[in-house]
Amino acid sequence: MSSPAAAPAPAADKPLLIADDPVLDMLNTVANINGHPHDFWQNDADVSDWLVRAGWLVEPVAGRYPPGVLLAVARHLREVIRTLVEARKAGRAASADALNVFLRQAPSHPVLVWESGTPRVERVRPTDSVEQCLAPLAEAAAHLLAEGDFQLVRVCEHPECTLWFYDRTKSHKRRWCSMAVCGNRHKVAEYRKRQQG
């Protein structure tokens, strides 16, 4: 994942991977761009490319499933997770039924890989259905919700930003989704205020 300080400016077609948590990066596939909400997932290829870019898949899966299904199911899972993260952040209980539907689709098994040197155990997950393809994200969300420190799960402090992040800094004082984006905007705004005052 990219370091928050080294994050490039957001492109109109690719969301930043700056949340320091892959589940929060998924939520950040909807963001404010130039003051307007923008969904980076417009088609199956967008979802597939993001899954590869974020490290969930080794190769793209667009075209493997009926057209539009990957997009629809991924957007549904994203909003299920968003609802649960927002509830957890607010300290409210919420129904996990919709997430559990995805978790039930998460069959996997370990395999021993011994190509050279030291053997290692890897987990093999089928991707026969869209739900199976997205199940690892649902599993990561369940772990975040159950084990994450929600004092450190935050939304960027910039008033126009909606991006989430997990503050893994040593001081736990991270305020911005990215210093290169919103942190810089804040610095520029503060400088202008001082110049005018």
# chains A, B, ... in the order shown; residues from 1 in each chain; ligands from 1
$ closest_atom_pairs --of "segment 21-110 of chain A" --to "segment 159-164 of chain A" --cutoff "12 Å" --atoms "only C-alpha atoms" --output "CSV"
residue,atom,partner,partner_atom,distance
A:Asp21,CA,A:Trp164,CA,9.2
A:Pro22,CA,A:Trp164,CA,10.7
A:Val23,CA,A:Trp164,CA,9.6
A:Leu24,CA,A:Trp164,CA,5.8
A:Asp25,CA,A:Trp164,CA,7.5
A:Met26,CA,A:Trp164,CA,9.5
A:Leu27,CA,A:Trp164,CA,7.3
A:Asn28,CA,A:Leu163,CA,5.4
A:Thr29,CA,A:Leu163,CA,8.8
A:Val30,CA,A:Leu163,CA,8.1
A:Ala31,CA,A:Thr162,CA,5.9
A:Asn32,CA,A:Cys161,CA,6.0
A:Ile33,CA,A:Cys161,CA,8.6
A:Asn34,CA,A:Glu160,CA,8.8
A:Gly35,CA,A:Glu160,CA,6.4
A:His36,CA,A:Glu160,CA,9.0
A:Pro37,CA,A:Thr162,CA,9.0
A:His38,CA,A:Thr162,CA,10.7
A:Arg82,CA,A:Trp164,CA,10.1
A:Val85,CA,A:Trp164,CA,10.0
A:Glu86,CA,A:Trp164,CA,10.3
A:Lys89,CA,A:Trp164,CA,11.1
$ residues_around --residues "Ala45 of chain A" --least-positions-apart "5" --cutoff "10 Å" --atoms "only C-alpha atoms" --output "list in words"
Trp50, Leu51, Pro60, Val61, Ala62, Gly63, Pro67, Gly68, Leu70 and Leu71 of chain A
$ closest_residue --among "A:Phe102, A:Phe150, A:Trp176, A:Phe165" --to "Ala74 of chain A" --atoms "only C-alpha atoms"
A:Phe102
$ residues_around --residues "segment 106-116 of chain A" --least-positions-apart "5" --cutoff "8 Å" --atoms "only C-alpha atoms" --output "list in words"
Val121, Glu122, Arg123, Val124, Arg125, Pro126, Glu131, Gln132, Ala135, Pro136 and Glu139 of chain A
$ select_by_dssp --residues "segment 12-171 of chain A" --states "alpha helix (DSSP H)" --output "MDAnalysis selection string"
chainID A and resid 22:27 44:53 69:90 97:103 130:147
$ atom_distance --atom1 "atom CA of Leu134 of chain A" --atom2 "atom CA of Trp56 of chain A"
8.6 Å
$ residues_around --residues "segment 166-171 of chain A" --least-positions-apart "4" --cutoff "7 Å" --atoms "only C-alpha atoms" --output "PDB file with N, CA and C atoms, in the first residue's frame"
ATOM      1  N   ALA A  19      -5.613   4.368   2.782  1.00  0.00           N
ATOM      2  CA  ALA A  19      -6.324   4.214   4.054  1.00  0.00           C
ATOM      3  C   ALA A  19      -5.538   3.428   5.097  1.00  0.00           C
ATOM      4  N   ASP A  20      -4.468   2.767   4.702  1.00  0.00           N
ATOM      5  CA  ASP A  20      -3.719   1.874   5.591  1.00  0.00           C
ATOM      6  C   ASP A  20      -4.581   0.743   6.115  1.00  0.00           C
ATOM      7  N   ASP A  21      -5.637   0.426   5.378  1.00  0.00           N
ATOM      8  CA  ASP A  21      -6.479  -0.728   5.652  1.00  0.00           C
ATOM      9  C   ASP A  21      -7.224  -1.043   4.356  1.00  0.00           C
ATOM     10  N   LEU A 152      -8.945   4.631  16.173  1.00  0.00           N
ATOM     11  CA  LEU A 152      -7.959   4.956  15.145  1.00  0.00           C
ATOM     12  C   LEU A 152      -8.532   4.893  13.731  1.00  0.00           C
ATOM     13  N   VAL A 153      -9.783   4.489  13.591  1.00  0.00           N
ATOM     14  CA  VAL A 153     -10.460   4.490  12.297  1.00  0.00           C
ATOM     15  C   VAL A 153     -11.157   5.837  12.188  1.00  0.00           C
ATOM     16  N   ARG A 154     -10.777   6.612  11.165  1.00  0.00           N
ATOM     17  CA  ARG A 154     -11.256   7.994  11.091  1.00  0.00           C
ATOM     18  C   ARG A 154     -11.619   8.380   9.658  1.00  0.00           C
TER      19      ARG A 154
END
$ select_by_dssp --residues "chain A" --states "strand (DSSP E)" --output "PyMOL selection string"
chain A and resi 30-33+36-39+109-113+120-124+153-155+164-166
$ residues_around --residues "Asp128 of chain A" --least-positions-apart "4" --cutoff "9 Å" --atoms "only C-alpha atoms" --output "ChimeraX atom specification"
/A:64-65,132-133
$ atom_distance --atom1 "atom CA of Pro15 of chain A" --atom2 "atom CA of Met179 of chain A"
15.8 Å
$ atom_distance --atom1 "atom CA of Leu103 of chain A" --atom2 "atom CA of Leu77 of chain A"
10.9 Å
